[in-house]
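Engineer: Can you keep this structure in mind? I'll have questions shortly.
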Amino acid sequence: MLASTGVSGTLGRAFLLVGFIGAIFGAFAAFTGARRNDQQVIRLIPRFAVLTFAASMGAFAAMEYAMITRDFSLAYVQKVGSWSTPALYNFAAVWSALEGSILMWVLVLAGYTLAVAYWVRKRMHDLIASWAMGVMFVVSAFFFLVSFFPANPFAAGAPGVLDGPGPNPLLQNHILVMFHPPILYLGYVGVTVPFAFAIAALITGRVDEGWLVATRRWSLFSWGFLTFGIALGSWWSYEVLGWSGVWAWDPVENASLLPWITGTAYIHSVLVQERRGMLRVWNISLLVATFSLTILGTFLTRSGVLNSVHAFSESGIGSWFLGLFAVVLVVSIGLIGWRGDRLRSPGVIDSPLSREAAFLANNVLFAVFAFVVLLGTVFPLIVEALQNRQIAVGAPFFDRLSTPIGLALLTLMAIAPVLPWRKATTETLRDRLFWPAWCGLGALILSLALGAYGLAPLLTFALGGVSAGAALRQVFLATRRQGWRGLVGRANGGMIVHLGVILIAVALGASNSFSKSQELSLVQNVEAQFAGHTFELRDVIEVRDDRSISVKALVLVDGRKIYAPAITKFTRIGMNVGTPSVRTSLTTDIYLTLEPPVRQDANEARIKVFIKPMITWLWIGTALMAVGTALAAFPGRRRKPTEPTSAPVEVGRS
Amino acid sequence: MSDSPTNLEALKQEREFLLRSLRDLEQEHKFGDLDDQDFETLRKDYVARAAATIKQIESSGSTLSPEQRAPESSTNRRGRTVLVASMVLVVAGLTGWFVAQQSGQRLAGDSIAGSIEDSTASILSRARATNFVDPQAAIELYTQVLAVDPDNVEALTYRAWLLALIARSAGDEVKKLAFESASRDLQRAISIDAKYADAHCFLGIVRFRLADDAQGAKEALTVCSQNNPPAEVKGFVDSIVAEVDAALGG
């Protein structure tokens with residue numbers, strides 16, 4: 001079989017094998033070194049990390065080379081490669097289907113393993129670091145093995161194939177395909193680092209707060225990448241899919257949302273453990289849940305189970321991921337049970353009106369939210385497996401339950417930042433909530449004045465106002481004391497993240513509640529009106545290239561600028577893809593799609609118009625979340641974990 | 001277990017963490033990350049915890065017993081566990097009941113969860129993919145399109161065609177009703193877009209197969225050919241032209 005592939009196939013397989021062997025040896029060195037406290041063996045760990053990363057780079061480069069040179073001896077290139085695919089999309093075609101996406105996972109995971117090995121290089125003698133490296137290597141070995149066997153991207157293809165269909169047309173229609181999957185993977189895979197340290201803490205019995213503080217940045221970064229990746233996916237959905245929405249509760253979307261929800265709960269509750277030494281079991285459980293959900297999500301989206309539970313058995317990869325999921329759960333729960341005594345928290349919550357109580361409430365809400373999303377996603381699979389009935393759980397289920405949960409979370413975002421640790425007096429609360437309450441009232445009056453109506457949107461805007469007031473109050477007090485340095489730090493960076501979340505919540509509330517849409521039959525040079533805007537069809541044109549025929553309607557909007565919604569037929573695949581055209585502004589997007597049937601020689605076209613308020617604020621909110629995450633991750637004044645406790649903290653060190 | 005080096009090591013780590021946290025706390029306070037009240041509260045808490053840990057290290061290196069760590073009584077703990085478990089069961093039960101209420105039949109091409117508020121373009125695309133796999137589901141999708149856009153030529157044409165296909169194996173009465181309905185929709189599609197070849201092609205086939213109208217079929221099929229139908233439709237037409245000509249010749 002190998003003989004029938006080109007040099008890329010042979011090299012790629014060899015690299016995967018080397019990577020697998022490197023990971024196995026790395027795990028062996030880490031576990032043996034940790035058990036025997038053998039420093040000579042432990043010193044080998046970074047070398048194996050370098051080897052596995054180099055092998056993963058080699059395998060990925062071999063795949064890119066095969067794709068760029070259109071090596072159609074490989075089945076994967078036959079599936080997603082084409083001479084007519086533009087260079088940019090051809091580069092991204094490597095991760096456009098199952099086998100290539102697993103290869104990317106391998107690369108990112110090996111990269112994280114190397115980064116962690118570098119980070120702990122001076123304290124590799126610390127048992128917790130060795131065990132954590134061992135866990136990282138075990139997970140790496142699993143993914144190398146998956147890529148070598150069931151998801152082999154270097155398998156030989158049918159002989160005589162000289163061209164292929166190229167990637168799915170939806171994946172060669174927008175530049176975001178270059179960024180969305182890699183960033184999402186940085187988030188998904190990054191969760192492995194805190195998970196590995198949690199398992200190491202359980203194995204060594206050192207379940208105090210030390211490991212948790214040490215991995216804080218890793219957790220924040222993976223959460224930040226996951227957030228940004230999900231937001232880019234929403235942006236892609238909005239720009240490419242032509243339905244004008246950003247979130248459809250699709251199983252693939254839910255698979256990325258689930259670890260994000262538990263990850264968000266974790267980065268809040270971890271503060272309670274760090275500050276008060278409480279919620280140890282809960283925090284470790286959240287980390288295990290977050291990692292498990294990334295594996296479960298991969299199983300759901302890669303095994304074919306979403307088409308039908310019966311398709312699962314046809315897929316080789318599904319049973320591998322289900323197996324890993326089961327192993328992770330069993331081992332983690334077993335370790336938590338084993339260390340139950342040490343995990344018992346020394347403190348208790350003194351008052352329901354305290355920061356830690358608010359964090360606990362926040363975690364309960366996130367847990368319920370995760371359960372709702374998970375149940376809605378897997379319920380049809382359970383019913384099909386038990387009763388052989390094919391059912392679907394529509395968006396209304398998710399919308400109806402996520403709205404009250406979202407409003408409750410907004411309420412907590414308004415109150416928690418002003419609550420002190422341990423206990424709040426009514427005086428303190430009254431004092432600290434004074435300005436936020438006024439902000440909320442102002443937001444409510446403003447939204448009413450702008451014509452908003454309905455309980456859920458008005459509550460969203462008012463609570464958004466209070467939450468923004470609470471976040472701004474914290475940032476204001478910090479910057480008044482420290483100038484721009486007041487923006488840095490976990491609390492202040494966190495408040496910037498809150499401001500981003502509030503913008504997103506308000507934008508979603510407005511766009512979900514006050515969007516308008518209509519299909520217009522436009523005749524050339526005749527003006528039509530909708531929602532206070534004018535639309536005039538100027539022409540219908542056809543654009544052809546090697547891979548597609550595109551029909552575009554040129555529509556003059558409000559007599560100012562021409563927009564060109566299109567329908568593109570990808571000739572090799574025979575698939576029609578609609579491409580919306582959007583007029584973006586800070587207040588309202590005008591979103592146009594061309595509806596079939598359409599002919600280039602016609603002097604009319606059917607255009608669907610969506611008027612969507614505040615969409616731009618979704619992307620501004622996302623950017624703010626990214627900035628806030630970076631500010632929270634770089635407080636710049638914590639000593640390095642390698643420094644002895646007695647080392648003095650330099651004042652003002654950054 | 002309590003005197004093991006690992007335990008002692010763990011306690012020392014905890015001591016280091018708490019002492020380091022105390023220093024960090026001062027920095028965070030200085031930089032405005034913590035206000036005065038939080039700083040005081042947390043400082044007292046850290047000092048108390050550090051003192052307890054140091055005491056443990058100095059005495060025997062043993063861990064705090066469960067009783068020391070969690071002074072609350074086992075009855076309280078059991079009560080809390082029962083309460084939390086009951087709440088979890090209630091939330092799970094209610095959510096389960098709600099998801100069962102909200103679920104519905106999954107048609108071909110539907111996602112198992114969530115839904116894009118489909119544009120007619122994407123519904124048509126799904127219907128096209130379903131045409132010959134599950135004609136009933138495709139008819140439902142075309143009907144959805146027509147509910148939003150009653151003049152949609154493709155939906156009118158293909159719904160009529162699939163209806164006629166299903167009726168072919170039915171009795172005469174059903175065939176007659178299907179012919180009337182299909183014929184009406186196809187004529188309407190032609191009146192909206194006279195150049196849409198598919199509607200002419202299917203009208204010709206339906207007239208011949210369901211109504212034995214060779215003359216009417218011939219007229220429609222001629223217009224169909226003049227408008228350059230897509231390859232898959234042309235395949236249907238080519239297979240029937242000879243039969244129509246033979247019927248007219250006879």
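Labels for the structure tokens follow display order: chains A, B, ..., residues from 1 in each chain, ligands from 1.
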Counting only C-alpha atoms, what is within 12 Å of region 71-75 of chain A, bar same-chain residues fewer than 4 positions away, as JSON, numbers by chain?
Structural biologist: {"A": [1, 2, 3, 4, 5, 6, 7, 8, 9, 10, 12, 13, 62, 63, 64, 65, 66, 67, 79, 80, 81, 82, 83, 97, 99, 100, 151, 152, 153, 154, 155, 156, 157, 158, 159, 160, 161, 162, 163, 164, 165, 166]}
Engineer: Which chain A residues are at most 6 Å from chain B (counting only C-alpha atoms), as a VMD selection string?
Structural biologist: chain A and resid 206 208 210 243 248 to 251 346 377 390 to 395 397 420 to 421 478 482 491 595 645
Engineer: Could you save the residues just selected, with C-alpha atoms, as a PDB file, in the first residue's frame?
Structural biologist:
```
ATOM      1  CA  ARG A 206      -0.413  17.607  46.108  1.00  0.00           C
ATOM      2  CA  ASP A 208      -3.336  22.287  47.155  1.00  0.00           C
ATOM      3  CA  GLY A 210       0.056  25.481  43.848  1.00  0.00           C
ATOM      4  CA  TRP A 243     -29.131  32.878   6.779  1.00  0.00           C
ATOM      5  CA  ALA A 248     -27.890  27.885  15.204  1.00  0.00           C
ATOM      6  CA  TRP A 249     -27.314  25.421  18.086  1.00  0.00           C
ATOM      7  CA  ASP A 250     -25.995  23.017  15.493  1.00  0.00           C
ATOM      8  CA  PRO A 251     -24.297  19.943  17.073  1.00  0.00           C
ATOM      9  CA  PRO A 346     -10.748  23.594  54.712  1.00  0.00           C
ATOM     10  CA  THR A 377     -27.458  17.682  21.509  1.00  0.00           C
ATOM     11  CA  GLN A 390     -35.204   9.751  14.230  1.00  0.00           C
ATOM     12  CA  ILE A 391     -35.983  12.954  16.076  1.00  0.00           C
ATOM     13  CA  ALA A 392     -34.489  16.429  16.196  1.00  0.00           C
ATOM     14  CA  VAL A 393     -34.300  19.014  18.975  1.00  0.00           C
ATOM     15  CA  GLY A 394     -34.836  22.390  17.379  1.00  0.00           C
ATOM     16  CA  ALA A 395     -33.382  25.772  18.216  1.00  0.00           C
ATOM     17  CA  PHE A 397     -35.494  24.321  23.034  1.00  0.00           C
ATOM     18  CA  PRO A 420     -16.438  41.554  48.864  1.00  0.00           C
ATOM     19  CA  TRP A 421     -14.952  38.209  49.881  1.00  0.00           C
ATOM     20  CA  ALA A 478      -8.024  50.658  39.585  1.00  0.00           C
ATOM     21  CA  GLN A 482      -2.510  53.096  39.151  1.00  0.00           C
ATOM     22  CA  ALA A 491      -9.746  41.331  38.253  1.00  0.00           C
ATOM     23  CA  GLU A 595     -32.592  33.625  -4.003  1.00  0.00           C
ATOM     24  CA  THR A 645       9.245  31.415  48.044  1.00  0.00           C
TER      25      THR A 645
END
```
Engineer: Could you list, as a PyMOL selection string, every residue within 8 Å of Thr294 (chain A), counting only C-alpha atoms and ignoring same-chain residues fewer than 4 positions away?
Structural biologist: chain A and resi 188+255-256+258-259+290+298
Engineer: Could you jot down the CA of Phe208 (chain B) to CA of Val244 (chain B) separation for me, Å, one decimal place?
Structural biologist: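 It comes out at 7.3 Å.
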Engineer: If I take CA of Asn131 (chain B) and CA of Ala167 (chain B), how far is one from the other in Å, to one decimal?
Structural biologist: 15.0 Å
Engineer: So, counting only C-alpha atoms, which residue among A:Val240, A:Phe321, A:Ile284, A:Ala29 is closest to Phe143 (chain A)?
Structural biologist: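 Using only C-alpha atoms, Phe143 (chain A) sits closest to A:Phe321.
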Engineer: Would you compute the distance between CA of Ala632 (chain A) and CA of Ala470 (chain A)? Give it in Å to one decimal.
Structural biologist: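 Here the two named atoms are 17.2 Å from each other.
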Engineer: Among region 58-208 of chain B, which ones does DSSP place in helix (DSSP H, G or I), written as a PyMOL selection string?
Structural biologist: chain B and resi 58-59+66-69+74-102+120-130+135-148+153-167+172-192+197-208
Engineer: From the list B:Leu83, B:Ala160, B:Ile166, B:Ile123, which residue is nearest Gln136 (chain B) when using only C-alpha atoms?
Structural biologist: B:Ile166
Engineer: From the list B:Ala189, B:Leu210, B:Ala48, B:Leu162, which residue is nearest Val174 (chain B) when using only C-alpha atoms?
Structural biologist: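 Of B:Ala189, B:Leu210, B:Ala48, B:Leu162, the one nearest Val174 (chain B) is B:Leu210, counting only C-alpha atoms.
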Engineer: Could you name the residues that touch region 232-243 of chain B at 12 Å or less, counting only C-alpha atoms, but leaving out those on the same chain fewer than 4 positions away, as a PyMOL selection string?
Structural biologist: chain B and resi 157-158+161+196-209+212-215+217-228+247-250
Engineer: Would you tabulate, counting only C-alpha atoms, all residues of region 368-454 of chain A that have an atom at most 9 Å from an atom of region 510-519 of chain A, showing the closest pair of atoms and their distance in Å to one decimal, sorted by chain then ascending number, as JSON lines?
Structural biologist:
```
{"residue": "A:Ala452", "atom": "CA", "partner": "A:Phe514", "partner_atom": "CA", "distance": 8.0}
{"residue": "A:Tyr453", "atom": "CA", "partner": "A:Ser513", "partner_atom": "CA", "distance": 8.8}
{"residue": "A:Gly454", "atom": "CA", "partner": "A:Ser513", "partner_atom": "CA", "distance": 8.3}
```
Engineer: Grab the residues selected above and save them as a compact mmCIF listing (two decimals), in the first residue's frame with C-alpha atoms.
Structural biologist:
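So the final result, stored in selection.txt, reads:
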```
# COMPACT_ATOMS: atom_id res chain seq x y z
CA ALA A 452 -37.20 48.60 22.31
CA TYR A 453 -39.97 46.41 23.71
CA GLY A 454 -40.46 42.95 25.16
```
Engineer: Could you name the residues that touch region 532-538 of chain A at 10 Å or less, counting only C-alpha atoms, but leaving out those on the same chain fewer than 5 positions away, as a list in words?
Structural biologist: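 The contact residues come out as Leu520, Ser521, Leu522, Val523, Gln524, Asn525, Val526, Glu527, Ala553, Leu554, Val555, Leu556, Val557, Asp558, Gly559, Arg560, Ile562, Tyr563, Ala564, Ile590, Asn603, Glu604, Ala605, Arg606, Ile607, Val609 and Ile611 of chain A.
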Engineer: Using N, CA and C atoms, can you write the selected residues to a file as a tab-separated table (two decimals), in the first residue's frame?
Structural biologist:
```tsv
chain	number	residue	atom	x	y	z
A	520	LEU	N	-37.76	40.38	-1.63
A	520	LEU	CA	-38.20	41.40	-2.59
A	520	LEU	C	-37.98	40.88	-4.00
A	521	SER	N	-39.00	41.02	-4.86
A	521	SER	CA	-38.81	40.71	-6.28
A	521	SER	C	-38.39	42.00	-6.96
A	522	LEU	N	-37.11	42.12	-7.24
A	522	LEU	CA	-36.59	43.37	-7.80
A	522	LEU	C	-36.56	43.29	-9.33
A	523	VAL	N	-37.07	44.31	-9.96
A	523	VAL	CA	-37.00	44.44	-11.42
A	523	VAL	C	-35.95	45.49	-11.72
A	524	GLN	N	-35.18	45.24	-12.77
A	524	GLN	CA	-34.05	46.11	-13.08
A	524	GLN	C	-34.47	47.58	-13.17
A	525	ASN	N	-33.71	48.42	-12.48
A	525	ASN	CA	-33.88	49.88	-12.48
A	525	ASN	C	-35.21	50.35	-11.88
A	526	VAL	N	-35.87	49.49	-11.12
A	526	VAL	CA	-37.10	49.90	-10.42
A	526	VAL	C	-36.82	49.80	-8.92
A	527	GLU	N	-37.09	50.89	-8.22
A	527	GLU	CA	-36.73	50.95	-6.80
A	527	GLU	C	-37.79	50.28	-5.93
A	553	ALA	N	-26.20	39.54	-8.37
A	553	ALA	CA	-27.17	40.62	-8.56
A	553	ALA	C	-26.56	41.90	-8.01
A	554	LEU	N	-26.49	42.92	-8.84
A	554	LEU	CA	-25.92	44.19	-8.37
A	554	LEU	C	-27.06	45.06	-7.86
A	555	VAL	N	-27.07	45.28	-6.56
A	555	VAL	CA	-28.19	45.97	-5.92
A	555	VAL	C	-27.70	47.28	-5.32
A	556	LEU	N	-28.33	48.38	-5.73
A	556	LEU	CA	-28.00	49.69	-5.17
A	556	LEU	C	-28.82	49.89	-3.90
A	557	VAL	N	-28.15	50.09	-2.78
A	557	VAL	CA	-28.86	50.23	-1.50
A	557	VAL	C	-28.86	51.70	-1.08
A	558	ASP	N	-30.04	52.21	-0.80
A	558	ASP	CA	-30.22	53.61	-0.37
A	558	ASP	C	-29.58	54.60	-1.36
A	559	GLY	N	-29.50	54.22	-2.61
A	559	GLY	CA	-28.97	55.11	-3.65
A	559	GLY	C	-27.51	55.45	-3.50
A	560	ARG	N	-26.78	54.69	-2.65
A	560	ARG	CA	-25.40	55.08	-2.37
A	560	ARG	C	-24.36	54.09	-2.91
A	562	ILE	N	-23.34	49.98	-4.35
A	562	ILE	CA	-23.86	48.74	-4.93
A	562	ILE	C	-23.33	47.54	-4.14
A	563	TYR	N	-24.23	46.63	-3.80
A	563	TYR	CA	-23.88	45.38	-3.13
A	563	TYR	C	-24.20	44.23	-4.08
A	564	ALA	N	-23.46	43.12	-3.92
A	564	ALA	CA	-23.58	42.06	-4.92
A	564	ALA	C	-23.76	40.68	-4.29
A	590	ILE	N	-27.33	45.72	6.84
A	590	ILE	CA	-28.31	45.34	5.81
A	590	ILE	C	-27.70	44.15	5.07
A	603	ASN	N	-33.93	40.24	-16.24
A	603	ASN	CA	-33.85	41.63	-15.77
A	603	ASN	C	-34.53	41.78	-14.43
A	604	GLU	N	-34.61	40.65	-13.72
A	604	GLU	CA	-35.18	40.70	-12.38
A	604	GLU	C	-34.47	39.69	-11.48
A	605	ALA	N	-34.60	39.89	-10.21
A	605	ALA	CA	-33.98	38.97	-9.25
A	605	ALA	C	-34.75	39.01	-7.95
A	606	ARG	N	-34.73	37.87	-7.27
A	606	ARG	CA	-35.42	37.80	-5.98
A	606	ARG	C	-34.34	37.94	-4.90
A	607	ILE	N	-34.48	38.99	-4.12
A	607	ILE	CA	-33.47	39.29	-3.09
A	607	ILE	C	-34.12	39.21	-1.71
A	609	VAL	N	-33.89	40.37	2.03
A	609	VAL	CA	-33.24	41.45	2.78
A	609	VAL	C	-33.44	41.22	4.28
A	611	ILE	N	-32.67	43.12	7.94
A	611	ILE	CA	-32.17	44.31	8.64
A	611	ILE	C	-31.82	43.84	10.06
```
Engineer: For Trp435 (chain A), which of A:Leu381, A:Leu329, A:Leu450, A:Ala471 is the closest residue, counting only C-alpha atoms?
Structural biologist: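 Checking each of A:Leu381, A:Leu329, A:Leu450, A:Ala471 against Trp435 (chain A), counting only C-alpha atoms, the winner is A:Ala471.
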